[in-house]
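Participant: The structure's right below; bear with me while I get my questions together.
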Amino acid sequence: MADTQLIETLDEFQAEYRKGIGTVLRHRPSKQANLDNIRRYGDGVGDYNPLYRDVEYAQQSRFGQITAPPTFLYSVTLGVIAGETGAIDRRRVSTRYLPVNYAGAEIEFIRPIWRDDNITAVETVGETQRKTSKRIGPINFNTGHVVFTNNRKETVATINTLMARYQNTGGILEYDRTPKSQSGDARQSIVEPADPLVWERTRRGNNTLYWEDVIEGENIPSLKKGTYSVTELFLFTHGVLGTGRSTRGALESEGSADLGGGGRFDEEHAQKRRNMPGQFDFGPQRVCWLAQIVTDWMGDDGILKKLSASIRHPNIVGDTNTLHGSVVRKFHSEGQSLVEVSIENVNQSGLPTAFGTAIVELPTRD
């Protein structure tokens with residue numbers, strides 16, 4: 001058997017993946033957190049927080065200068081390679097037989113990313129677990145461990161990325177995306193442009209939120225993301241991930257004339273190779289949204305410590321998204337005053353397509 005012969009079954013994939021557990025990948029993506037890259041990231045995820053964009057505003061903050069948003073990490077890398085293919089030669093794994101989807105992440109934010117820091121990521125192949133879905137059948141959930149360091153050799157964050165690999169069903173995995181009212185009744189689909197929502201967004205900013213003023217069970221302000229469009233997909237692809245070209249060999253192996261966004265721009269490819277109803281988003285885009293609703297709520301003086309995110313359903317072009325959140329609990333740990341927040345992204349049918357929890361450190365009046 002040639003070394004590059006395609007792996008066709010999930011069982012064979014799992015056996016090959018297990019051989020590479022613990023392998024540190026040679027791939028070392030890096031990016032400088034300069035002002036242009038930070039602003040491009042904000043454009044890509046729809047976060048126009050002046051703390052990350054406005055030099056004069058940032059100089060008046062506790063940082064004293066521009067810093068990158070916590071999830072700028074995804075601008076360095078999505079951190080998916082270890083979870084996608086482990087240490088297997090990537091030429092041996094094709095969506096012709098084995099599609100893959102982003103399933104979630106556990107993120108720990110350790111220190112700020114300062115303007116002009118050079119951030120480098122290192123991935124290690126993690127464990128694999130077999131589960132079964134009613135819609136898809138057997139799924140391999142594979143974990144990649146990603147460590148991000150700056151140019152001073154300091155660890156700024158870690159991510160445990162979860163990727164779902166499954167057998168190609170040969171068809172579209174449809175689900176109910178019918179627009180519904182709050183009462184659950186079907187209603188007509190309404191397109192809500194995303195661009196003005198970005199400009200009109202209000203946030204706490206420099207109005208300090210103190211730990212003592214937070215009430216368990218209270219809701220945090222919702223975050224409207226509007227109707228997901230090809231433009232939103234494009235902005236994330238090129239604003240956050242950067243530009244890149246596909247070779248003819250890559251196009252041929254994936255059966256697509258356009259692999260922009262990993263094939264997400266090609267509707268036929270999305271349906272046949274990824275079993276999606278249509279053009280769809282990057283899972284990390286919604287992880288960035290989950291982080292944004294929290295950073296907008298906590299204000300400039302809060303610190304996002306951890307974020308746990310689960311991606312359960314796709315976000316298809318034409319879906320309309322709103323994020324909601326609520327305070328779960330307040331507690332103290334190791335001298336820190338912390339708040340746990342529950343967050344979710346809900347589409348027009350009322351379906352939570354992504355959800356998670358965040359841990360935030362807040363200042364105290366003491």
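Residues are named by chain letter and number: chains run A, B, ... in the order of the structure tokens, numbers start at 1 in each chain, and ligands are numbered from 1 in the order shown.
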Residues within 9 Å of region 279-285 of chain A, please, as a PyMOL selection string. Count only C-alpha atoms; anything in the same chain fewer than 5 positions from it doesn't count.

Facilitator: chain A and resi 44-45+74+78+101-105+228+230+232-233+236-237+261+263-271+290+311+314-317+354

Participant: Which residues are near region 204-213 of chain A? Cut-off 7 Å, only C-alpha atoms, ignore same chain within fewer than 6 positions. Put them as a list in words.

Facilitator: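 The residues satisfying every condition are Asp296, Trp297, Met298, Gly299, Asp300, Asp301, Ser337, Leu362, Pro363, Thr364 and Arg365 of chain A.
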
Participant: Let's have the selection written as a PDB file, in the first residue's frame, with all heavy atoms.

Facilitator:
```pdb
ATOM      1  N   ASP A 296     -17.818  42.344  26.105  1.00  0.00           N
ATOM      2  CA  ASP A 296     -18.656  43.543  26.055  1.00  0.00           C
ATOM      3  C   ASP A 296     -19.340  43.780  27.403  1.00  0.00           C
ATOM      4  O   ASP A 296     -19.483  44.920  27.855  1.00  0.00           O
ATOM      5  CB  ASP A 296     -19.731  43.398  24.967  1.00  0.00           C
ATOM      6  CG  ASP A 296     -19.202  43.665  23.575  1.00  0.00           C
ATOM      7  OD1 ASP A 296     -18.006  43.998  23.430  1.00  0.00           O
ATOM      8  OD2 ASP A 296     -19.985  43.529  22.606  1.00  0.00           O
ATOM      9  N   TRP A 297     -19.772  42.688  28.032  1.00  0.00           N
ATOM     10  CA  TRP A 297     -20.488  42.794  29.317  1.00  0.00           C
ATOM     11  C   TRP A 297     -19.541  43.137  30.466  1.00  0.00           C
ATOM     12  O   TRP A 297     -19.857  43.983  31.312  1.00  0.00           O
ATOM     13  CB  TRP A 297     -21.201  41.480  29.618  1.00  0.00           C
ATOM     14  CG  TRP A 297     -21.692  41.350  31.031  1.00  0.00           C
ATOM     15  CD1 TRP A 297     -22.777  41.950  31.580  1.00  0.00           C
ATOM     16  CD2 TRP A 297     -21.094  40.577  32.079  1.00  0.00           C
ATOM     17  NE1 TRP A 297     -22.904  41.595  32.907  1.00  0.00           N
ATOM     18  CE2 TRP A 297     -21.886  40.749  33.237  1.00  0.00           C
ATOM     19  CE3 TRP A 297     -19.977  39.737  32.144  1.00  0.00           C
ATOM     20  CZ2 TRP A 297     -21.572  40.124  34.442  1.00  0.00           C
ATOM     21  CZ3 TRP A 297     -19.668  39.110  33.344  1.00  0.00           C
ATOM     22  CH2 TRP A 297     -20.479  39.318  34.479  1.00  0.00           C
ATOM     23  N   MET A 298     -18.382  42.526  30.514  1.00  0.00           N
ATOM     24  CA  MET A 298     -17.486  42.692  31.673  1.00  0.00           C
ATOM     25  C   MET A 298     -16.772  44.035  31.660  1.00  0.00           C
ATOM     26  O   MET A 298     -16.310  44.520  32.691  1.00  0.00           O
ATOM     27  CB  MET A 298     -16.457  41.567  31.722  1.00  0.00           C
ATOM     28  CG  MET A 298     -15.367  41.658  30.678  1.00  0.00           C
ATOM     29  SD  MET A 298     -14.244  40.237  30.700  1.00  0.00           S
ATOM     30  CE  MET A 298     -12.946  40.824  29.604  1.00  0.00           C
ATOM     31  N   GLY A 299     -16.653  44.678  30.480  1.00  0.00           N
ATOM     32  CA  GLY A 299     -16.018  45.979  30.401  1.00  0.00           C
ATOM     33  C   GLY A 299     -14.504  45.914  30.386  1.00  0.00           C
ATOM     34  O   GLY A 299     -13.882  44.840  30.469  1.00  0.00           O
ATOM     35  N   ASP A 300     -13.902  47.101  30.317  1.00  0.00           N
ATOM     36  CA  ASP A 300     -12.447  47.197  30.151  1.00  0.00           C
ATOM     37  C   ASP A 300     -11.675  46.675  31.353  1.00  0.00           C
ATOM     38  O   ASP A 300     -10.504  46.295  31.217  1.00  0.00           O
ATOM     39  CB  ASP A 300     -12.047  48.658  29.911  1.00  0.00           C
ATOM     40  CG  ASP A 300     -12.704  49.248  28.672  1.00  0.00           C
ATOM     41  OD1 ASP A 300     -13.289  48.468  27.890  1.00  0.00           O
ATOM     42  OD2 ASP A 300     -12.636  50.480  28.495  1.00  0.00           O
ATOM     43  N   ASP A 301     -12.304  46.662  32.533  1.00  0.00           N
ATOM     44  CA  ASP A 301     -11.575  46.288  33.748  1.00  0.00           C
ATOM     45  C   ASP A 301     -11.765  44.820  34.124  1.00  0.00           C
ATOM     46  O   ASP A 301     -11.176  44.352  35.105  1.00  0.00           O
ATOM     47  CB  ASP A 301     -12.014  47.180  34.911  1.00  0.00           C
ATOM     48  CG  ASP A 301     -11.667  48.637  34.651  1.00  0.00           C
ATOM     49  OD1 ASP A 301     -10.547  48.901  34.190  1.00  0.00           O
ATOM     50  OD2 ASP A 301     -12.529  49.509  34.889  1.00  0.00           O
ATOM     51  N   SER A 337     -11.757  37.388  42.576  1.00  0.00           N
ATOM     52  CA  SER A 337     -13.218  37.507  42.617  1.00  0.00           C
ATOM     53  C   SER A 337     -13.752  37.166  41.236  1.00  0.00           C
ATOM     54  O   SER A 337     -13.556  37.920  40.279  1.00  0.00           O
ATOM     55  CB  SER A 337     -13.623  38.923  43.019  1.00  0.00           C
ATOM     56  OG  SER A 337     -13.134  39.225  44.310  1.00  0.00           O
ATOM     57  N   LEU A 362     -13.392  39.981  38.096  1.00  0.00           N
ATOM     58  CA  LEU A 362     -13.841  41.362  38.160  1.00  0.00           C
ATOM     59  C   LEU A 362     -13.183  42.090  39.334  1.00  0.00           C
ATOM     60  O   LEU A 362     -12.852  41.466  40.332  1.00  0.00           O
ATOM     61  CB  LEU A 362     -15.359  41.436  38.304  1.00  0.00           C
ATOM     62  CG  LEU A 362     -16.201  40.937  37.125  1.00  0.00           C
ATOM     63  CD1 LEU A 362     -17.684  40.988  37.477  1.00  0.00           C
ATOM     64  CD2 LEU A 362     -15.924  41.764  35.866  1.00  0.00           C
ATOM     65  N   PRO A 363     -13.006  43.392  39.196  1.00  0.00           N
ATOM     66  CA  PRO A 363     -12.486  44.169  40.334  1.00  0.00           C
ATOM     67  C   PRO A 363     -13.508  44.245  41.453  1.00  0.00           C
ATOM     68  O   PRO A 363     -14.709  44.069  41.228  1.00  0.00           O
ATOM     69  CB  PRO A 363     -12.214  45.542  39.728  1.00  0.00           C
ATOM     70  CG  PRO A 363     -13.141  45.628  38.559  1.00  0.00           C
ATOM     71  CD  PRO A 363     -13.263  44.243  38.008  1.00  0.00           C
ATOM     72  N   THR A 364     -13.038  44.469  42.655  1.00  0.00           N
ATOM     73  CA  THR A 364     -13.937  44.601  43.804  1.00  0.00           C
ATOM     74  C   THR A 364     -13.850  46.022  44.360  1.00  0.00           C
ATOM     75  O   THR A 364     -12.870  46.731  44.155  1.00  0.00           O
ATOM     76  CB  THR A 364     -13.577  43.612  44.917  1.00  0.00           C
ATOM     77  OG1 THR A 364     -12.273  43.963  45.439  1.00  0.00           O
ATOM     78  CG2 THR A 364     -13.541  42.194  44.386  1.00  0.00           C
ATOM     79  N   ARG A 365     -14.870  46.427  45.070  1.00  0.00           N
ATOM     80  CA  ARG A 365     -14.881  47.771  45.660  1.00  0.00           C
ATOM     81  C   ARG A 365     -13.893  47.867  46.815  1.00  0.00           C
ATOM     82  O   ARG A 365     -13.527  48.974  47.216  1.00  0.00           O
ATOM     83  CB  ARG A 365     -16.295  48.110  46.126  1.00  0.00           C
ATOM     84  CG  ARG A 365     -17.289  48.213  44.987  1.00  0.00           C
ATOM     85  CD  ARG A 365     -18.625  48.763  45.452  1.00  0.00           C
ATOM     86  NE  ARG A 365     -19.605  48.790  44.374  1.00  0.00           N
ATOM     87  CZ  ARG A 365     -19.657  49.744  43.440  1.00  0.00           C
ATOM     88  NH1 ARG A 365     -18.794  50.750  43.486  1.00  0.00           N
ATOM     89  NH2 ARG A 365     -20.567  49.711  42.488  1.00  0.00           N
TER      90      ARG A 365
END
```

Participant: Show which residues sit within 8 Å of Ile88 (chain A), as a PyMOL selection string. Count only C-alpha atoms, and ignore same-chain residues fewer than 5 positions away.

Facilitator: chain A and resi 16-17+20

Participant: Would you list, as number ranges by chain, the residues of region 60-293 of chain A that end up in alpha helix (DSSP H) under DSSP run on this structure's backbone?

Facilitator: A: 73-76, 81-85, 194-200, 230-235, 248-254, 267-273, 283-293

Participant: Quick one: everything within 6 Å of Pro99 (chain A), counting only C-alpha atoms, minus sequence neighbours fewer than 2 positions away in the same chain. Send it as a list in words.

Facilitator: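 Residues meeting the cut-off are Thr95, Arg165, Tyr166, Asn168 and Arg274 of chain A.
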
Participant: Which residue gives the smallest distance to Leu6 (chain A) among A:Ser253, A:Ser181, A:Thr23, A:Ser61, with only C-alpha atoms counted?

Facilitator: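 Between A:Ser253, A:Ser181, A:Thr23, A:Ser61, the residue approaching Leu6 (chain A) most closely is A:Ser253.
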
Participant: Write out as a PyMOL selection string the residues lying within 12 Å of Ala358 (chain A), counting only C-alpha atoms and excluding same-chain residues fewer than 6 positions away.

Facilitator: chain A and resi 105-109+287+290-295+297-298+303-310+325-330+338-344

Participant: From the list A:Gln59, A:Asn219, A:Ser333, A:Thr202, which residue is nearest Asp47 (chain A) when using only C-alpha atoms?

Facilitator: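 Closest to Asp47 (chain A) of all the choices is A:Thr202.
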